[in-house]
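Dumped input-v7.pdb below, it's PDB, C-alpha atoms and all ligand atoms:
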```pdb
ATOM      1  CA  MET A   1     -24.057   6.191 -36.146  1.00  0.00           C
ATOM      2  CA  PHE A   2     -24.294   4.404 -32.832  1.00  0.00           C
ATOM      3  CA  LYS A   3     -22.104   1.638 -34.172  1.00  0.00           C
ATOM      4  CA  THR A   4     -19.442   4.126 -35.240  1.00  0.00           C
ATOM      5  CA  LEU A   5     -19.485   5.656 -31.794  1.00  0.00           C
ATOM      6  CA  LEU A   6     -19.072   2.262 -30.187  1.00  0.00           C
ATOM      7  CA  LEU A   7     -16.190   1.457 -32.492  1.00  0.00           C
ATOM      8  CA  TRP A   8     -14.537   4.731 -31.603  1.00  0.00           C
ATOM      9  CA  LEU A   9     -14.955   4.087 -27.914  1.00  0.00           C
ATOM     10  CA  PHE A  10     -13.633   0.594 -28.205  1.00  0.00           C
ATOM     11  CA  GLY A  11     -10.691   1.762 -30.322  1.00  0.00           C
ATOM     12  CA  SER A  12      -9.803   4.462 -27.811  1.00  0.00           C
ATOM     13  CA  PHE A  13     -10.031   1.939 -25.009  1.00  0.00           C
ATOM     14  CA  LEU A  14      -7.613  -0.349 -26.841  1.00  0.00           C
ATOM     15  CA  LEU A  15      -5.214   2.525 -27.490  1.00  0.00           C
ATOM     16  CA  LEU A  16      -5.389   3.431 -23.839  1.00  0.00           C
ATOM     17  CA  GLN A  17      -4.006  -0.012 -23.019  1.00  0.00           C
ATOM     18  CA  ALA A  18      -0.710   1.074 -24.564  1.00  0.00           C
ATOM     19  CA  ILE A  19      -0.276   3.471 -21.680  1.00  0.00           C
ATOM     20  CA  GLN A  20       1.034   1.451 -18.791  1.00  0.00           C
ATOM     21  CA  ILE A  21       3.387   2.092 -15.954  1.00  0.00           C
ATOM     22  CA  ASP A  22       5.564  -0.631 -14.574  1.00  0.00           C
ATOM     23  CA  ILE A  23       5.883  -1.491 -10.977  1.00  0.00           C
ATOM     24  CA  PRO A  24       9.261  -3.029 -10.318  1.00  0.00           C
ATOM     25  CA  GLU A  25       9.410  -6.750  -9.592  1.00  0.00           C
ATOM     26  CA  ALA A  26      10.754  -7.876  -6.235  1.00  0.00           C
ATOM     27  CA  PRO A  27      14.539  -8.131  -6.393  1.00  0.00           C
ATOM     28  CA  GLU A  28      15.717 -11.665  -7.050  1.00  0.00           C
ATOM     29  CA  ILE A  29      17.629 -11.739  -3.824  1.00  0.00           C
ATOM     30  CA  LEU A  30      15.426 -10.479  -1.075  1.00  0.00           C
ATOM     31  CA  ASN A  31      16.798 -10.930   2.406  1.00  0.00           C
ATOM     32  CA  PRO A  32      13.911 -12.280   4.502  1.00  0.00           C
ATOM     33  CA  ASP A  33      15.633 -10.920   7.622  1.00  0.00           C
ATOM     34  CA  ASN A  34      14.911  -7.424   6.406  1.00  0.00           C
ATOM     35  CA  GLU A  35      11.173  -7.827   6.866  1.00  0.00           C
ATOM     36  CA  ILE A  36       9.761  -5.842   9.759  1.00  0.00           C
ATOM     37  CA  LYS A  37       9.471  -7.770  13.002  1.00  0.00           C
ATOM     38  CA  ALA A  38       6.371  -7.302  15.077  1.00  0.00           C
ATOM     39  CA  PRO A  39       4.046  -9.414  17.234  1.00  0.00           C
ATOM     40  CA  ASP A  40       2.003 -11.919  15.178  1.00  0.00           C
ATOM     41  CA  LYS A  41      -1.193  -9.968  15.680  1.00  0.00           C
ATOM     42  CA  ILE A  42       0.389  -6.849  14.158  1.00  0.00           C
ATOM     43  CA  MET A  43       2.109  -8.749  11.359  1.00  0.00           C
ATOM     44  CA  SER A  44      -1.120 -10.335  10.293  1.00  0.00           C
ATOM     45  CA  MET A  45      -2.877  -6.958  10.119  1.00  0.00           C
ATOM     46  CA  LEU A  46      -0.011  -5.421   8.165  1.00  0.00           C
ATOM     47  CA  ARG A  47      -0.069  -8.360   5.766  1.00  0.00           C
ATOM     48  CA  THR A  48      -3.802  -8.205   5.078  1.00  0.00           C
ATOM     49  CA  SER A  49      -4.221  -4.447   5.106  1.00  0.00           C
ATOM     50  CA  CYS A  50      -0.948  -2.862   4.044  1.00  0.00           C
ATOM     51  CA  TYR A  51       1.133  -5.325   2.042  1.00  0.00           C
ATOM     52  CA  ASP A  52      -0.606  -4.740  -1.280  1.00  0.00           C
ATOM     53  CA  CYS A  53       1.030  -1.304  -1.384  1.00  0.00           C
ATOM     54  CA  HIS A  54       3.795  -1.509   1.187  1.00  0.00           C
ATOM     55  CA  SER A  55       5.621  -4.713   0.226  1.00  0.00           C
ATOM     56  CA  TYR A  56       6.574  -6.727  -2.830  1.00  0.00           C
ATOM     57  CA  LYS A  57       3.724  -9.111  -2.070  1.00  0.00           C
ATOM     58  CA  THR A  58       1.204  -7.158  -4.079  1.00  0.00           C
ATOM     59  CA  LYS A  59      -1.871  -9.116  -5.037  1.00  0.00           C
ATOM     60  CA  MET A  60      -2.909  -7.371  -8.190  1.00  0.00           C
ATOM     61  CA  PRO A  61      -6.613  -7.570  -9.030  1.00  0.00           C
ATOM     62  CA  TRP A  62      -7.494  -8.210 -12.684  1.00  0.00           C
ATOM     63  CA  TYR A  63      -8.649  -4.643 -13.212  1.00  0.00           C
ATOM     64  CA  GLY A  64      -5.268  -3.518 -11.922  1.00  0.00           C
ATOM     65  CA  HIS A  65      -3.926  -4.247 -15.394  1.00  0.00           C
ATOM     66  CA  ILE A  66      -6.536  -2.319 -17.329  1.00  0.00           C
ATOM     67  CA  SER A  67      -5.699   1.235 -18.271  1.00  0.00           C
ATOM     68  CA  PRO A  68      -6.636   3.851 -17.055  1.00  0.00           C
ATOM     69  CA  ILE A  69      -7.400   2.148 -13.690  1.00  0.00           C
ATOM     70  CA  SER A  70      -3.986   0.522 -13.761  1.00  0.00           C
ATOM     71  CA  LEU A  71      -2.307   3.936 -13.858  1.00  0.00           C
ATOM     72  CA  GLU A  72      -3.973   4.858 -10.596  1.00  0.00           C
ATOM     73  CA  VAL A  73      -3.483   1.468  -8.954  1.00  0.00           C
ATOM     74  CA  LYS A  74       0.164   1.131  -9.945  1.00  0.00           C
ATOM     75  CA  SER A  75       1.013   4.636  -8.860  1.00  0.00           C
ATOM     76  CA  HIS A  76      -0.398   3.830  -5.413  1.00  0.00           C
ATOM     77  CA  ILE A  77       1.806   0.767  -5.264  1.00  0.00           C
ATOM     78  CA  LYS A  78       4.862   2.629  -6.478  1.00  0.00           C
ATOM     79  CA  ASN A  79       4.385   5.535  -4.085  1.00  0.00           C
ATOM     80  CA  GLY A  80       3.291   3.258  -1.270  1.00  0.00           C
ATOM     81  CA  ARG A  81       6.432   1.165  -1.552  1.00  0.00           C
ATOM     82  CA  SER A  82       8.641   4.189  -1.673  1.00  0.00           C
ATOM     83  CA  ALA A  83       6.970   5.598   1.464  1.00  0.00           C
ATOM     84  CA  VAL A  84       7.558   2.294   3.275  1.00  0.00           C
ATOM     85  CA  ASN A  85       8.240  -1.228   2.107  1.00  0.00           C
ATOM     86  CA  PHE A  86       7.871  -3.490   5.127  1.00  0.00           C
ATOM     87  CA  GLN A  87      10.029  -6.103   3.429  1.00  0.00           C
ATOM     88  CA  GLU A  88      12.923  -3.636   3.210  1.00  0.00           C
ATOM     89  CA  TRP A  89      12.564  -2.472   6.804  1.00  0.00           C
ATOM     90  CA  GLY A  90      15.946  -3.782   7.915  1.00  0.00           C
ATOM     91  CA  THR A  91      17.710  -1.595   5.356  1.00  0.00           C
ATOM     92  CA  TYR A  92      16.214   1.646   6.717  1.00  0.00           C
ATOM     93  CA  SER A  93      18.100   4.025   8.973  1.00  0.00           C
ATOM     94  CA  GLU A  94      16.827   4.481  12.514  1.00  0.00           C
ATOM     95  CA  GLU A  95      15.787   7.996  11.552  1.00  0.00           C
ATOM     96  CA  ARG A  96      13.661   6.720   8.686  1.00  0.00           C
ATOM     97  CA  LYS A  97      12.044   4.073  10.874  1.00  0.00           C
ATOM     98  CA  GLN A  98      11.158   6.705  13.446  1.00  0.00           C
ATOM     99  CA  LYS A  99       9.578   8.808  10.746  1.00  0.00           C
ATOM    100  CA  ILE A 100       7.523   5.861   9.561  1.00  0.00           C
ATOM    101  CA  TYR A 101       6.322   4.926  13.052  1.00  0.00           C
ATOM    102  CA  LYS A 102       5.190   8.530  13.446  1.00  0.00           C
ATOM    103  CA  GLY A 103       3.599   8.357  10.012  1.00  0.00           C
ATOM    104  CA  ILE A 104       1.638   5.277  11.073  1.00  0.00           C
ATOM    105  CA  VAL A 105       0.346   7.002  14.200  1.00  0.00           C
ATOM    106  CA  LYS A 106      -0.630   9.965  12.072  1.00  0.00           C
ATOM    107  CA  THR A 107      -2.348   8.083   9.252  1.00  0.00           C
ATOM    108  CA  ILE A 108      -3.806   4.870  10.701  1.00  0.00           C
ATOM    109  CA  ASN A 109      -7.158   6.351  11.705  1.00  0.00           C
ATOM    110  CA  TYR A 110      -8.144   7.921   8.393  1.00  0.00           C
ATOM    111  CA  ARG A 111      -5.676   7.782   5.535  1.00  0.00           C
ATOM    112  CA  MET A 112      -4.304   4.237   5.739  1.00  0.00           C
ATOM    113  CA  PRO A 113      -5.218   1.827   4.305  1.00  0.00           C
ATOM    114  CA  MET A 114      -6.321   4.174   1.527  1.00  0.00           C
ATOM    115  CA  PRO A 115     -10.127   4.590   1.726  1.00  0.00           C
ATOM    116  CA  MET A 116     -10.506   4.198  -2.034  1.00  0.00           C
ATOM    117  CA  TYR A 117      -8.717   0.863  -1.862  1.00  0.00           C
ATOM    118  CA  LEU A 118     -10.981  -0.283   0.950  1.00  0.00           C
ATOM    119  CA  THR A 119     -14.109   0.179  -1.132  1.00  0.00           C
ATOM    120  CA  LEU A 120     -12.826  -2.670  -3.316  1.00  0.00           C
ATOM    121  CA  HIS A 121     -10.977  -4.661  -0.617  1.00  0.00           C
ATOM    122  CA  GLU A 122     -13.350  -4.968   2.291  1.00  0.00           C
ATOM    123  CA  GLN A 123     -11.295  -7.759   3.791  1.00  0.00           C
ATOM    124  CA  ALA A 124      -8.446  -5.286   4.269  1.00  0.00           C
ATOM    125  CA  ASP A 125     -10.522  -2.909   6.370  1.00  0.00           C
ATOM    126  CA  LEU A 126      -9.602  -2.572  10.013  1.00  0.00           C
ATOM    127  CA  THR A 127     -11.905  -1.990  12.947  1.00  0.00           C
ATOM    128  CA  LYS A 128     -11.347   0.975  15.205  1.00  0.00           C
ATOM    129  CA  GLU A 129      -9.947  -1.383  17.785  1.00  0.00           C
ATOM    130  CA  GLU A 130      -7.488  -2.918  15.323  1.00  0.00           C
ATOM    131  CA  ARG A 131      -6.376   0.532  14.243  1.00  0.00           C
ATOM    132  CA  ASN A 132      -5.772   1.418  17.872  1.00  0.00           C
ATOM    133  CA  THR A 133      -3.722  -1.720  18.365  1.00  0.00           C
ATOM    134  CA  ILE A 134      -1.503  -0.761  15.430  1.00  0.00           C
ATOM    135  CA  LYS A 135      -1.292   2.795  16.686  1.00  0.00           C
ATOM    136  CA  LYS A 136      -0.209   1.698  20.170  1.00  0.00           C
ATOM    137  CA  TRP A 137       2.376  -0.636  18.681  1.00  0.00           C
ATOM    138  CA  ALA A 138       3.824   2.155  16.529  1.00  0.00           C
ATOM    139  CA  GLN A 139       3.754   4.586  19.444  1.00  0.00           C
ATOM    140  CA  SER A 140       5.671   2.165  21.619  1.00  0.00           C
ATOM    141  CA  HIS A 141       8.553   2.413  19.140  1.00  0.00           C
ATOM    142  CA  ILE A 142       8.710   6.181  19.017  1.00  0.00           C
ATOM    143  CA  ARG A 143      11.673   7.323  21.032  1.00  0.00           C
ATOM    144  CA  GLU A 144      11.085  10.919  21.988  1.00  0.00           C
ATOM    145  CA  THR A 145       7.745  12.359  22.947  1.00  0.00           C
ATOM    146  CA  TYR A 146       7.075  14.474  20.018  1.00  0.00           C
ATOM    147  CA  TYR A 147       3.628  15.943  20.078  1.00  0.00           C
TER     148      TYR A 147
HETATM  149  C1  LIG A 201      -3.852   1.058  -1.789  1.00  0.00           C
HETATM  150  C2  LIG A 201      -2.516   1.246  -1.377  1.00  0.00           C
HETATM  151  C3  LIG A 201      -2.163   1.433   0.074  1.00  0.00           C
HETATM  152  C4  LIG A 201      -2.520   0.639   1.147  1.00  0.00           C
HETATM  153  C5  LIG A 201      -3.388  -0.607   1.151  1.00  0.00           C
HETATM  154  C6  LIG A 201      -1.851   1.207   2.298  1.00  0.00           C
HETATM  155  N1  LIG A 201      -1.119   2.305   1.931  1.00  0.00           N
HETATM  156 FE1  LIG A 201       0.075   3.433   3.094  1.00  0.00          FE
HETATM  157  N2  LIG A 201       0.570   4.637   1.533  1.00  0.00           N
HETATM  158  C7  LIG A 201       0.109   4.481   0.248  1.00  0.00           C
HETATM  159  C8  LIG A 201       0.615   5.557  -0.592  1.00  0.00           C
HETATM  160  C9  LIG A 201       0.326   5.744  -2.074  1.00  0.00           C
HETATM  161  C10 LIG A 201       1.406   6.375   0.238  1.00  0.00           C
HETATM  162  C11 LIG A 201       2.215   7.616  -0.147  1.00  0.00           C
HETATM  163  C12 LIG A 201       1.335   8.796  -0.344  1.00  0.00           C
HETATM  164  C13 LIG A 201       0.661   9.235   0.916  1.00  0.00           C
HETATM  165  O1  LIG A 201       1.320   9.482   1.926  1.00  0.00           O
HETATM  166  O2  LIG A 201      -0.578   9.326   0.876  1.00  0.00           O
HETATM  167  C14 LIG A 201       1.355   5.768   1.571  1.00  0.00           C
HETATM  168  C15 LIG A 201       1.998   6.290   2.674  1.00  0.00           C
HETATM  169  C16 LIG A 201       2.033   5.665   3.905  1.00  0.00           C
HETATM  170  C17 LIG A 201       2.778   6.174   5.045  1.00  0.00           C
HETATM  171  C18 LIG A 201       3.608   7.449   5.097  1.00  0.00           C
HETATM  172  C19 LIG A 201       2.627   8.551   5.373  1.00  0.00           C
HETATM  173  C20 LIG A 201       3.177   9.808   5.975  1.00  0.00           C
HETATM  174  O3  LIG A 201       2.519  10.852   5.744  1.00  0.00           O
HETATM  175  O4  LIG A 201       4.195   9.764   6.672  1.00  0.00           O
HETATM  176  C21 LIG A 201       2.561   5.299   6.076  1.00  0.00           C
HETATM  177  C22 LIG A 201       3.135   5.386   7.472  1.00  0.00           C
HETATM  178  C23 LIG A 201       1.652   4.279   5.585  1.00  0.00           C
HETATM  179  N3  LIG A 201       1.352   4.530   4.265  1.00  0.00           N
HETATM  180  C24 LIG A 201       1.198   3.221   6.335  1.00  0.00           C
HETATM  181  C25 LIG A 201       0.263   2.292   5.905  1.00  0.00           C
HETATM  182  C26 LIG A 201      -0.254   1.243   6.746  1.00  0.00           C
HETATM  183  C27 LIG A 201       0.151   0.988   8.190  1.00  0.00           C
HETATM  184  C28 LIG A 201      -1.149   0.540   5.991  1.00  0.00           C
HETATM  185  C29 LIG A 201      -1.993  -0.638   6.424  1.00  0.00           C
HETATM  186  C30 LIG A 201      -2.777  -0.466   7.626  1.00  0.00           C
HETATM  187  C31 LIG A 201      -1.182   1.150   4.675  1.00  0.00           C
HETATM  188  N4  LIG A 201      -0.320   2.208   4.670  1.00  0.00           N
HETATM  189  C32 LIG A 201      -1.942   0.705   3.594  1.00  0.00           C
HETATM  190  C33 LIG A 201      -0.708   3.464  -0.212  1.00  0.00           C
HETATM  191  C34 LIG A 201      -1.288   2.476   0.576  1.00  0.00           C
END
```
Could you write out this file's structure as structure tokens?
Ligand code: HEC
Amino acid sequence: MFKTLLLWLFGSFLLLQAIQIDIPEAPEILNPDNEIKAPDKIMSMLRTSCYDCHSYKTKMPWYGHISPISLEVKSHIKNGRSAVNFQEWGTYSEERKQKIYKGIVKTINYRMPMPMYLTLHEQADLTKEERNTIKKWAQSHIRETYY
């Protein structure tokens, strides 16, 4: 009885692996000039805390390939990149950049990096001070006063 149940569970788990979503590979020709330019301090924070979802430089953990976790993880990457890909920055219109800077100011204290992600990537967490540094940097690029 118990054995049958285990077999069923294992079988379902295997079947589940057939459900996968693909995250697109980085394009073969990626212009390095299009990467966002910011002071080193900011760049290094973006790279450690944002690039897994907001660039092509995703470091995928092993469980990121196992369904159903992979469905969640890959959808974050897909949606994260489409919200902003810091390696495609140079291709964005000024209007889009402004929207993103405002988005950073709005999300850096609570929503970004995603709290769920941080539970498994402690090294990507940012202190309050670091968040403020990013916020100030983003604010300094916002043209109009908008609040
Ligand atoms: C685990 C993946 C993940 C990480 C890490 C992450 N993001 Fe995101 N980000 C997303 C996803 C998914 C979205 C789109 C859905 C949403 O807005 O919640 C998004 C949206 C955004 C947006 C647009 C939000 C808006 O409402 O305008 C900004 C700006 C942003 N992220 C900035 C950052 C910054 C800055 C970092 C690093 C400090 C970061 N993100 C780290 C997944 C991530």
Name the residues that the PyMOL selection byres (((not hetatm)) within 9 of (chain A and resi 201)) picks from the file above, as a PyMOL selection string, using the file's chain letters and numbers. chain A and resi 45-54+73-84+99-108+111-118+121+124-126+131+134-135
Chain and number of each residue from the PyMOL selection byres (((chain A and resi 21-28) around 7) and not hetatm), as a VMD selection string: chain A and resid 19 to 20 29 to 30 56 71 74 78
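Atom to atom, atom CA of A:Gln98 and atom CA of A:Ala138 stand 9.2 Å apart.
Atom CA of A:Ser12 is found 10.9 Å from atom CA of A:Ser67.
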Take atom CA of A:Asp33 and atom CA of A:Arg96 and report the distance between them in Å, one decimal. 17.8 Å
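If all atoms listed in the file are the atoms counted, then among A:Gln139, A:Asn132, A:Gln123, A:Ser55 the closest residue to A:Ile36 is A:Ser55.
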Min atom-atom distance to A:Trp89 from the set A:Glu144, A:Glu35, A:Glu129, A:Glu72, counting only C-alpha atoms, belongs to A:Glu35
Check the smallest atom-to-atom distance from each of A:Thr119, A:Trp137, A:Asn34, A:Pro39 to A:Tyr92 using all atoms listed in the file, then report the winner. A:Asn34
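Proximity ranking of A:Tyr63, A:Thr4, A:Ile42, A:Glu94 relative to A:Arg143 places A:Glu94 first, based on all atoms listed in the file.
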Once the PyMOL selection byres (((chain A and resi 13-17) around 10) and not hetatm) has been applied to the shown file, what residues remain in the selection, as a PyMOL selection string? chain A and resi 7-12+18-20+65-68+70
What are the centre and edge lengths in Å, to one decimal, of the axis-aligned box around all listed atoms of stretch 50-59 of chain A with 6 Å added on each side, as JSON?
```
{"center_x": 2.4, "center_y": -5.2, "center_z": -0.5, "size_x": 20.4, "size_y": 19.8, "size_z": 21.1}
```
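Considering all atoms listed in the file, the residue among A:Asn31, A:Ser44, A:Thr133, A:Asn85 positioned nearest to A:Lys57 is A:Asn85.
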